[in-house]
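Peer 1: Here it is, the structure, as structure tokens.
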Amino acid sequence: MARKFFVGGNWKCNGTTEEVKKIVTTLNEAKVPGEDVVEVVVSPPFVFLPVVKSLLRPDFHVAAQNCWVRKGGAYTGEVSAEMLVNLSIPWVIIGHSERRQLLNESNEFVADKVAYALSQGLKVIACIGETLEQREAGITMAVVADQTKAIAAKIPSWNNVVLAYEPVWAIGTGKVATPAQAQEVHADLRKWIHSNVSAEVASSVRIIYGGSVNGGNCKELAVQPDVDGFLVGGASLKPEFIDIINSATVKKN
Ligand SMILES: O=C(CO)COP(=O)(O)O
């Protein structure tokens with residue numbers, strides 16, 4: 001079953017109104033393949049979601065970078081899944097390693113968030129990945145399997161989930177995983193899903209790679225059979241994001 005290439009731009013905690021408008025203008029003027037070839041989702045900080053959504057071309061979509069773990073209420077500083085739905089924000093990134101590490105979000109907490117967001121009708125980019133210490137200790141697969149297992153245990157369907165493999169040592173470091181390293185983990189993850197979820201989900205779920213992806217390295221990663229797209233940080237704020245979107249075409253050739 002063909003998995004549609006997915007390119008996400010995670011803008012993280014960056015930008016002013018003027019800057020985000022400039023990025024949107026660049027995206028709107030770009031020549032890229034149609035939605036039948038590549039799904040493009042950009043994720044500005046919460047406060048810029050309405051302006052980006054209102055200005056962005058209709059074939060690109062928006063994601064929030066986080067949401068609260070359950071129904072909204074007395075949770076100062078949080079933004080609920082219901083609010084995102086109310087604003088017609090279709091996607092949310094959950095479990096990014098920056099939140100796991102800096103805000104101590106556990107596998108269980110991340111899984112609860114994914115389950116709640118899905119239950120409200122959001123589509124989820126669920127992030128997993130090992131640290132450098134874990135990779136060097138040879139436990140990469142055990143770590144990402146645990147992270148995936150926590151999510152699998154709590155969700156009734158993977159239809160609206162994209163799994164983002166983002167090795168922590170590759171994020172914002174300029175140290176991209178080699179195509180072979182990315183392919184190995186993606187293939188192992190797909191095998192894990194085959195054994196622990198179902199053959200159908202294993203063949204249909206998109207597993208995207210994140211960590212120092214740029215205009216220069218995207219094509220060699222994109223040709224890997226189990227790499228179904230990217231979650232891009234720094235380069236998603238620059239015009240080279242267009243080149244990354246266009247790397248989707250390597251799958252067609
Ligand atoms: O964290 C990332 C995307 O979510 C990756 O960030 P960089 O592309 O800046 O390494």
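Residues are referred to by chain and number: the chain letter is A, B, ... according to the order shown in the structure tokens, the number counts from 1 in that chain, and ligands are numbered separately from 1 in the order shown.
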Just want the residues within 7 Å of ligand 1, written as a list in words, counting only C-alpha atoms and all ligand atoms.
Peer 2: Asn10, His96, Glu166, Ala170, Ile171, Gly172, Thr173, Gly174, Gly210, Gly211, Ser212, Val213, Leu231, Val232, Gly233, Gly234 and Ala235 of chain A
Peer 1: Please identify all polymer residues within 12 Å of stretch 45-53 of chain A, counting only C-alpha atoms, omitting same-chain residues fewer than 4 positions from it, and present them as an MDAnalysis selection string.
Peer 2: chainID A and resid 9:25 27:28 41 57:67 77:80 83:84 86:93
Peer 1: When DSSP is applied to the backbone of this structure, which of stretch 2-208 of chain A are assigned strand (DSSP E or B)? Write them out as a VMD selection string.
Peer 2: chain A and resid 5 to 10 38 to 43 60 to 64 91 to 94 123 to 128 161 to 165 206 to 208
Peer 1: Under the rule that only C-alpha atoms are counted, which of A:Pro44, A:Ser236, A:Gly8, A:Leu55 is the nearest residue to A:Val162?
Peer 2: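 Of A:Pro44, A:Ser236, A:Gly8, A:Leu55, the one nearest A:Val162, counting only C-alpha atoms, is A:Gly8.
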Peer 1: Rounded to one decimal in Å, what is the spacing between atom CA of A:Ala145 and atom CA of A:Glu98?
Peer 2: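 About the pair atom CA of A:Ala145 and atom CA of A:Glu98: they are 18.8 Å apart.
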Peer 1: Go through A:Leu189, A:Leu237, A:Ile207, A:Val85 one by one, measure the shortest atom-to-atom distance of each to A:Met141 using only C-alpha atoms, and give the residue with the smallest value.
Peer 2: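 Ranking A:Leu189, A:Leu237, A:Ile207, A:Val85 by distance to A:Met141, first place goes to A:Leu189.
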Peer 1: Can you pull out the residues contacting stretch 244-253 of chain A? Cut-off 12 Å, using only C-alpha atoms, and skip same-chain residues under 3 positions away; I want them as a ChimeraX atom specification.
Peer 2: /A:2-9,27,30-42,60,208-210,212-233,235-241
Peer 1: Between A:Ser204, A:Leu163, A:Glu130, A:Leu56, which is the closest to A:Thr26 once you count only C-alpha atoms?
Peer 2: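 Closest candidate: A:Leu56.
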